[in-house]
>>> print(open('structure_25.pdb').read())   # PDB, C-alpha atoms and all ligand atoms
ATOM      1  CA  MET A   5     -47.503  -7.331  -9.706
ATOM      2  CA  GLU A   6     -45.155  -8.316  -6.944
ATOM      3  CA  LYS A   7     -43.013  -6.338  -4.562
ATOM      4  CA  LYS A   8     -39.761  -7.391  -3.044
ATOM      5  CA  THR A   9     -37.938  -5.873  -0.083
ATOM      6  CA  ILE A  10     -34.243  -6.402   0.423
ATOM      7  CA  GLU A  11     -32.890  -5.988   3.933
ATOM      8  CA  THR A  12     -29.385  -5.238   5.092
ATOM      9  CA  LYS A  13     -28.567  -6.414   8.597
ATOM     10  CA  ILE A  14     -26.247  -4.060  10.454
ATOM     11  CA  THR A  15     -24.942  -4.686  13.951
ATOM     12  CA  ILE A  16     -23.909  -1.492  15.674
ATOM     13  CA  TYR A  17     -21.114  -1.550  18.237
ATOM     14  CA  THR A  18     -19.120   0.894  20.268
ATOM     15  CA  PHE A  19     -15.359   0.403  19.983
ATOM     16  CA  ASP A  20     -15.203  -1.142  23.479
ATOM     17  CA  GLU A  21     -17.768  -3.772  22.535
ATOM     18  CA  LEU A  22     -15.615  -5.165  19.715
ATOM     19  CA  THR A  23     -13.308  -8.157  20.080
ATOM     20  CA  GLU A  24      -9.605  -7.493  20.507
ATOM     21  CA  ALA A  25      -8.944  -8.789  16.988
ATOM     22  CA  GLN A  26     -11.537  -6.392  15.536
ATOM     23  CA  GLN A  27     -10.100  -3.473  17.505
ATOM     24  CA  GLN A  28      -6.620  -4.317  16.243
ATOM     25  CA  LEU A  29      -7.802  -4.426  12.632
ATOM     26  CA  ILE A  30      -9.449  -1.017  13.019
ATOM     27  CA  ASP A  31      -6.273   0.324  14.601
ATOM     28  CA  LYS A  32      -4.293  -0.931  11.576
ATOM     29  CA  ALA A  33      -6.722   0.883   9.285
ATOM     30  CA  LYS A  34      -6.385   4.025  11.419
ATOM     31  CA  GLU A  35      -2.592   3.927  11.096
ATOM     32  CA  GLN A  36      -3.019   4.017   7.334
ATOM     33  CA  VAL A  37      -4.749   7.377   7.087
ATOM     34  CA  ALA A  38      -1.428   9.101   7.767
ATOM     35  CA  LYS A  39      -0.068   7.366   4.670
ATOM     36  CA  ALA A  40      -2.901   8.334   2.326
ATOM     37  CA  TYR A  41      -2.035  10.415  -0.705
ATOM     38  CA  ALA A  42      -5.068  12.664  -0.890
ATOM     39  CA  PRO A  43      -3.929  16.199  -1.798
ATOM     40  CA  TYR A  44      -7.073  16.832  -3.869
ATOM     41  CA  SER A  45      -9.828  15.766  -1.493
ATOM     42  CA  ASN A  46      -8.002  15.921   1.849
ATOM     43  CA  PHE A  47     -10.164  12.931   2.712
ATOM     44  CA  HIS A  48      -7.869  10.269   4.120
ATOM     45  CA  VAL A  49      -9.114   6.701   4.108
ATOM     46  CA  GLY A  50      -7.503   3.619   5.618
ATOM     47  CA  ALA A  51      -8.456  -0.012   5.107
ATOM     48  CA  ALA A  52      -7.099  -3.172   6.705
ATOM     49  CA  VAL A  53      -7.823  -6.649   5.405
ATOM     50  CA  GLU A  54      -7.448  -9.804   7.497
ATOM     51  CA  LEU A  55      -7.004 -13.075   5.649
ATOM     52  CA  GLU A  56      -8.072 -16.537   6.797
ATOM     53  CA  ASN A  57      -4.401 -17.358   7.520
ATOM     54  CA  GLY A  58      -4.133 -14.398   9.922
ATOM     55  CA  GLU A  59      -2.099 -12.181   7.599
ATOM     56  CA  ILE A  60      -3.109  -8.511   7.587
ATOM     57  CA  PHE A  61      -2.691  -6.128   4.661
ATOM     58  CA  ALA A  62      -3.526  -2.465   4.863
ATOM     59  CA  GLY A  63      -3.789   0.391   2.395
ATOM     60  CA  SER A  64      -4.813   4.003   1.964
ATOM     61  CA  ASN A  65      -6.398   6.018  -0.822
ATOM     62  CA  GLN A  66      -4.015   7.094  -3.584
ATOM     63  CA  GLU A  67      -5.166  10.094  -5.575
ATOM     64  CA  ASN A  68      -3.982  11.433  -8.921
ATOM     65  CA  SER A  69      -4.134  14.786 -10.717
ATOM     66  CA  ALA A  70      -6.065  12.875 -13.377
ATOM     67  CA  TYR A  71      -8.789  12.162 -10.807
ATOM     68  CA  PRO A  72     -10.183   8.832 -12.112
ATOM     69  CA  SER A  73      -6.683   7.333 -12.062
ATOM     70  CA  GLY A  74      -6.645   7.363  -8.251
ATOM     71  CA  LEU A  75      -7.783   4.426  -6.160
ATOM     72  CA  CYS A  76      -9.757   4.015  -2.925
ATOM     73  CA  ALA A  77      -8.139   2.572   0.186
ATOM     74  CA  GLU A  78     -10.357  -0.528   0.134
ATOM     75  CA  ARG A  79      -9.217  -1.553  -3.331
ATOM     76  CA  VAL A  80      -5.567  -0.784  -2.573
ATOM     77  CA  ALA A  81      -5.738  -3.056   0.500
ATOM     78  CA  MET A  82      -7.820  -5.764  -1.163
ATOM     79  CA  PHE A  83      -5.716  -6.001  -4.319
ATOM     80  CA  TYR A  84      -2.563  -5.952  -2.205
ATOM     81  CA  ALA A  85      -3.860  -8.893  -0.121
ATOM     82  CA  ASN A  86      -5.097 -10.874  -3.129
ATOM     83  CA  ALA A  87      -1.827 -10.284  -4.958
ATOM     84  CA  GLN A  88       0.244 -11.639  -2.041
ATOM     85  CA  PHE A  89      -2.028 -14.575  -1.176
ATOM     86  CA  PRO A  90      -4.095 -15.441  -4.278
ATOM     87  CA  GLU A  91      -5.234 -18.731  -2.696
ATOM     88  CA  VAL A  92      -6.339 -17.395   0.694
ATOM     89  CA  ALA A  93      -9.829 -16.090   1.490
ATOM     90  CA  VAL A  94     -10.430 -12.718   3.090
ATOM     91  CA  LYS A  95     -12.089 -12.828   6.491
ATOM     92  CA  THR A  96     -12.620  -9.185   7.489
ATOM     93  CA  ILE A  97     -12.086  -5.674   6.181
ATOM     94  CA  ALA A  98     -12.029  -2.588   8.414
ATOM     95  CA  ILE A  99     -12.494   0.867   6.898
ATOM     96  CA  VAL A 100     -11.886   4.268   8.512
ATOM     97  CA  ALA A 101     -11.764   7.857   7.261
ATOM     98  CA  HIS A 102     -10.110  11.006   8.561
ATOM     99  CA  THR A 103     -10.743  14.572   7.425
ATOM    100  CA  ASN A 104     -10.668  18.054   8.967
ATOM    101  CA  ASN A 105      -8.285  16.757  11.647
ATOM    102  CA  ARG A 106     -10.562  14.045  12.969
ATOM    103  CA  PHE A 107     -11.902  10.597  12.261
ATOM    104  CA  LEU A 108     -15.471  10.622  10.975
ATOM    105  CA  GLU A 109     -18.104  10.363  13.678
ATOM    106  CA  GLU A 110     -20.373   8.257  11.526
ATOM    107  CA  PRO A 111     -19.159   5.055   9.833
ATOM    108  CA  ILE A 112     -17.602   5.488   6.418
ATOM    109  CA  THR A 113     -19.303   3.393   3.756
ATOM    110  CA  PRO A 114     -17.423   2.080   0.689
ATOM    111  CA  CYS A 115     -18.146   3.380  -2.802
ATOM    112  CA  GLY A 116     -19.917   1.263  -5.413
ATOM    113  CA  SER A 117     -16.735   0.271  -7.244
ATOM    114  CA  CYS A 118     -15.140  -0.943  -4.010
ATOM    115  CA  ARG A 119     -18.256  -2.933  -3.154
ATOM    116  CA  GLN A 120     -18.009  -4.625  -6.561
ATOM    117  CA  VAL A 121     -14.349  -5.510  -5.950
ATOM    118  CA  LEU A 122     -15.090  -6.790  -2.439
ATOM    119  CA  LEU A 123     -17.905  -8.897  -3.877
ATOM    120  CA  GLU A 124     -15.556 -10.486  -6.408
ATOM    121  CA  THR A 125     -13.227 -11.606  -3.607
ATOM    122  CA  GLU A 126     -16.118 -12.895  -1.516
ATOM    123  CA  SER A 127     -17.479 -14.907  -4.481
ATOM    124  CA  ARG A 128     -14.054 -16.081  -5.597
ATOM    125  CA  PHE A 129     -13.377 -17.839  -2.289
ATOM    126  CA  GLU A 130     -17.046 -18.597  -1.505
ATOM    127  CA  LYS A 131     -16.421 -17.166   1.939
ATOM    128  CA  ASN A 132     -18.297 -14.302   3.565
ATOM    129  CA  ILE A 133     -16.274 -11.171   4.251
ATOM    130  CA  THR A 134     -17.184  -9.325   7.440
ATOM    131  CA  VAL A 135     -17.117  -5.545   7.038
ATOM    132  CA  LEU A 136     -16.317  -3.168   9.890
ATOM    133  CA  LEU A 137     -17.198   0.439   9.078
ATOM    134  CA  TYR A 138     -15.633   2.727  11.627
ATOM    135  CA  GLY A 139     -17.019   5.918  13.110
ATOM    136  CA  THR A 140     -15.957   7.434  16.422
ATOM    137  CA  LYS A 141     -19.538   7.273  17.719
ATOM    138  CA  HIS A 142     -20.210   3.726  16.587
ATOM    139  CA  ILE A 143     -19.065   0.948  14.294
ATOM    140  CA  TYR A 144     -21.221  -0.899  11.796
ATOM    141  CA  GLN A 145     -20.639  -4.592  11.292
ATOM    142  CA  ILE A 146     -22.088  -6.171   8.165
ATOM    143  CA  ASP A 147     -21.708  -9.917   7.758
ATOM    144  CA  ASN A 148     -21.121 -10.151   4.027
ATOM    145  CA  ILE A 149     -20.638  -8.042   0.926
ATOM    146  CA  LYS A 150     -23.853  -9.200  -0.763
ATOM    147  CA  GLN A 151     -25.720  -7.168   1.838
ATOM    148  CA  LEU A 152     -23.813  -4.081   0.760
ATOM    149  CA  LEU A 153     -24.488  -4.740  -2.905
ATOM    150  CA  PRO A 154     -27.913  -6.266  -3.412
ATOM    151  CA  LEU A 155     -29.011  -7.178  -6.942
ATOM    152  CA  CYS A 156     -25.358  -7.452  -7.804
ATOM    153  CA  PHE A 157     -23.699  -8.505 -11.018
ATOM    154  CA  GLU A 158     -21.279 -11.368 -10.394
ATOM    155  CA  LYS A 159     -19.487 -14.258 -12.082
ATOM    156  CA  GLY A 160     -22.649 -16.378 -12.232
ATOM    157  CA  SER A 161     -24.522 -13.561 -13.980
ATOM    158  CA  LEU A 162     -22.386 -14.136 -17.068
ATOM    159  CA  ASN A 163     -23.812 -17.632 -17.534
ATOM    160  CA  SER A 164     -27.434 -16.954 -16.652
TER     161      SER A 164
HETATM  162  N1  LIG B 201     -12.377   7.050  -0.863
HETATM  163  C1  LIG B 201     -11.884   5.885  -0.379
HETATM  164  O1  LIG B 201     -10.672   5.635  -0.371
HETATM  165  N2  LIG B 201     -12.784   4.993   0.100
HETATM  166  C2  LIG B 201     -14.116   5.221   0.226
HETATM  167  O2  LIG B 201     -14.832   4.361   0.721
HETATM  168  C3  LIG B 201     -14.696   6.466  -0.241
HETATM  169  C4  LIG B 201     -13.774   7.394  -0.939
HETATM  170  C5  LIG B 201     -11.409   8.036  -1.344
HETATM  171  C6  LIG B 201     -11.385   8.284  -2.815
HETATM  172  C7  LIG B 201     -10.821   9.681  -2.874
HETATM  173  O3  LIG B 201      -9.404   9.610  -2.776
HETATM  174  C8  LIG B 201     -11.341  10.330  -1.602
HETATM  175  O4  LIG B 201     -11.684   9.273  -0.741
HETATM  176  C9  LIG B 201     -12.534  11.254  -1.820
HETATM  177  O5  LIG B 201     -13.540  10.613  -2.503
END
>>> encode(input="structure_25.pdb", output="structure tokens")
Amino acid sequence: MEKKTIETKITIYTFDELTEAQQQLIDKAKEQVAKAYAPYSNFHVGAAVELENGEIFAGSNQENSAYPSGLCAERVAMFYANAQFPEVAVKTIAIVAHTNNRFLEEPITPCGSCRQVLLETESRFEKNITVLLYGTKHIYQIDNIKQLLPLCFEKGSLNS
């Protein structure tokens, strides 16, 4: 028998410790929560994606009365970016959430489906995506999506 341990490296920052570019990306994500369509959960999520060419695309969660038809903010932003610049890698994604009249104190973490979509973009361009998970108390930085989705199923898995 063998045992294997998989580690996820998280760097924890306060907002003031971030670079200006990181702060700006989080601010873009924060602006988005006001644009979320979340009448069912009242949980407003914003995501901002920065591409390698400096372009920024942002999105919010879009809910639906047929619940599974809605989409998370991360996928709205990521698909938006990939649709506009299909040849350009994604550098960073910032994610924030707002509910009960305040931003979450602890960092919001993306759902499994969003992690899978983020992984596809990371693999597609063979370029790590930095993730910034915002909370008012602190911000988590994770250096690539693989760390958020260990033992993942990806393109290469189809040929193994
Ligand atoms: N949601 C996101 O947009 N991103 C996440 O990371 C977690 C959940 C949305 C989906 C749904 O509209 C609402 O938040 C409650 O789950």
>>> residues_near_point(input="structure_25.pdb", point="(-28.6, -10.8, 7.8)", cutoff="12 Å", atoms="only C-alpha atoms", output="count of residues only")
16
>>> atom_distance(input="structure_25.pdb", atom1="CA of Gln36 (chain A)", atom2="CA of Glu130 (chain A)")
28.0 Å
>>> closest_atom_pairs(input="structure_25.pdb", of="chain A", to="ligand LIG 201 (chain B)", cutoff="9 Å", atoms="all atoms listed in the file", output="CSV")
residue,atom,partner,partner_atom,distance
A:Ala40,CA,B:LIG201,O3,8.4
A:Tyr41,CA,B:LIG201,O3,7.7
A:Ala42,CA,B:LIG201,O3,5.6
A:Pro43,CA,B:LIG201,O3,8.6
A:Tyr44,CA,B:LIG201,O3,7.7
A:Ser45,CA,B:LIG201,C9,5.3
A:Asn46,CA,B:LIG201,C8,7.4
A:Phe47,CA,B:LIG201,C8,5.2
A:His48,CA,B:LIG201,O4,6.3
A:Val49,CA,B:LIG201,O1,4.9
A:Gly50,CA,B:LIG201,O1,7.1
A:Ala51,CA,B:LIG201,O1,8.2
A:Ser64,CA,B:LIG201,O1,6.5
A:Asn65,CA,B:LIG201,O1,4.3
A:Gln66,CA,B:LIG201,O3,6.0
A:Glu67,CA,B:LIG201,O3,5.1
A:Asn68,CA,B:LIG201,O3,8.4
A:Tyr71,CA,B:LIG201,O3,8.4
A:Gly74,CA,B:LIG201,O3,6.5
A:Leu75,CA,B:LIG201,C6,6.2
A:Cys76,CA,B:LIG201,O1,3.2
A:Ala77,CA,B:LIG201,O1,4.0
A:Glu78,CA,B:LIG201,N2,6.0
A:Arg79,CA,B:LIG201,O1,7.9
A:Val80,CA,B:LIG201,O1,8.5
A:Ile99,CA,B:LIG201,O2,7.5
A:Val100,CA,B:LIG201,O2,8.3
A:Ala101,CA,B:LIG201,N2,7.8
A:Ile112,CA,B:LIG201,O2,6.4
A:Thr113,CA,B:LIG201,O2,5.5
A:Pro114,CA,B:LIG201,O2,3.5
A:Cys115,CA,B:LIG201,O2,4.9
A:Gly116,CA,B:LIG201,O2,8.5
A:Cys118,CA,B:LIG201,O2,7.1
A:Arg119,CA,B:LIG201,O2,8.9
>>> write_last_selection(input="structure_25.pdb", atoms="C-alpha atoms", output="mmCIF file, in the coordinates of the input")
data_model
loop_
_atom_site.group_PDB
_atom_site.id
_atom_site.type_symbol
_atom_site.label_atom_id
_atom_site.label_comp_id
_atom_site.auth_asym_id
_atom_site.auth_seq_id
_atom_site.Cartn_x
_atom_site.Cartn_y
_atom_site.Cartn_z
ATOM 1 C CA ALA A 40 -2.901 8.334 2.326
ATOM 2 C CA TYR A 41 -2.035 10.415 -0.705
ATOM 3 C CA ALA A 42 -5.068 12.664 -0.890
ATOM 4 C CA PRO A 43 -3.929 16.199 -1.798
ATOM 5 C CA TYR A 44 -7.073 16.832 -3.869
ATOM 6 C CA SER A 45 -9.828 15.766 -1.493
ATOM 7 C CA ASN A 46 -8.002 15.921 1.849
ATOM 8 C CA PHE A 47 -10.164 12.931 2.712
ATOM 9 C CA HIS A 48 -7.869 10.269 4.120
ATOM 10 C CA VAL A 49 -9.114 6.701 4.108
ATOM 11 C CA GLY A 50 -7.503 3.619 5.618
ATOM 12 C CA ALA A 51 -8.456 -0.012 5.107
ATOM 13 C CA SER A 64 -4.813 4.003 1.964
ATOM 14 C CA ASN A 65 -6.398 6.018 -0.822
ATOM 15 C CA GLN A 66 -4.015 7.094 -3.584
ATOM 16 C CA GLU A 67 -5.166 10.094 -5.575
ATOM 17 C CA ASN A 68 -3.982 11.433 -8.921
ATOM 18 C CA TYR A 71 -8.789 12.162 -10.807
ATOM 19 C CA GLY A 74 -6.645 7.363 -8.251
ATOM 20 C CA LEU A 75 -7.783 4.426 -6.160
ATOM 21 C CA CYS A 76 -9.757 4.015 -2.925
ATOM 22 C CA ALA A 77 -8.139 2.572 0.186
ATOM 23 C CA GLU A 78 -10.357 -0.528 0.134
ATOM 24 C CA ARG A 79 -9.217 -1.553 -3.331
ATOM 25 C CA VAL A 80 -5.567 -0.784 -2.573
ATOM 26 C CA ILE A 99 -12.494 0.867 6.898
ATOM 27 C CA VAL A 100 -11.886 4.268 8.512
ATOM 28 C CA ALA A 101 -11.764 7.857 7.261
ATOM 29 C CA ILE A 112 -17.602 5.488 6.418
ATOM 30 C CA THR A 113 -19.303 3.393 3.756
ATOM 31 C CA PRO A 114 -17.423 2.080 0.689
ATOM 32 C CA CYS A 115 -18.146 3.380 -2.802
ATOM 33 C CA GLY A 116 -19.917 1.263 -5.413
ATOM 34 C CA CYS A 118 -15.140 -0.943 -4.010
ATOM 35 C CA ARG A 119 -18.256 -2.933 -3.154
#
>>> atom_distance(input="structure_25.pdb", atom1="CA of Ser127 (chain A)", atom2="CA of Pro72 (chain A)")
26.0 Å
>>> closest_residue(input="structure_25.pdb", among="A:Ala98, A:Thr9, A:Cys156, A:Ser73", to="Tyr138 (chain A)", atoms="all atoms listed in the file")
A:Ala98
>>> atom_distance(input="structure_25.pdb", atom1="CA of Leu55 (chain A)", atom2="CA of Val135 (chain A)")
12.7 Å
>>> closest_residue(input="structure_25.pdb", among="A:Ala62, A:Asn57, A:Thr125, A:Leu108", to="Asn86 (chain A)", atoms="all atoms listed in the file")
A:Thr125
>>> closest_residue(input="structure_25.pdb", among="A:Leu29, A:Ala93, A:Val37, A:Ile60", to="Ala81 (chain A)", atoms="all atoms listed in the file")
A:Ile60
>>> closest_residue(input="structure_25.pdb", among="A:Asn163, A:Gln26, A:Thr103, A:Gln88", to="Leu136 (chain A)", atoms="only C-alpha atoms")
A:Gln26
>>> residues_around(input="structure_25.pdb", residues="Phe129 (chain A)", least_positions_apart="6", cutoff="12 Å", atoms="only C-alpha atoms", output="ChimeraX atom specification")
/A:55-56,86,89-95,122-123
>>> closest_residue(input="structure_25.pdb", among="A:Glu59, A:Ile97, A:Lys7, A:Leu153", to="Ile30 (chain A)", atoms="all atoms listed in the file")
A:Ile97
>>> closest_residue(input="structure_25.pdb", among="A:Pro111, A:Ala25, A:Glu6, A:Asn104", to="Ile143 (chain A)", atoms="all atoms listed in the file")
A:Pro111
>>> residues_around(input="structure_25.pdb", residues="Gln28 (chain A)", least_positions_apart="5", cutoff="10 Å", atoms="all atoms listed in the file", output="PyMOL selection string")
chain A and resi 22-23+33-34+52+98
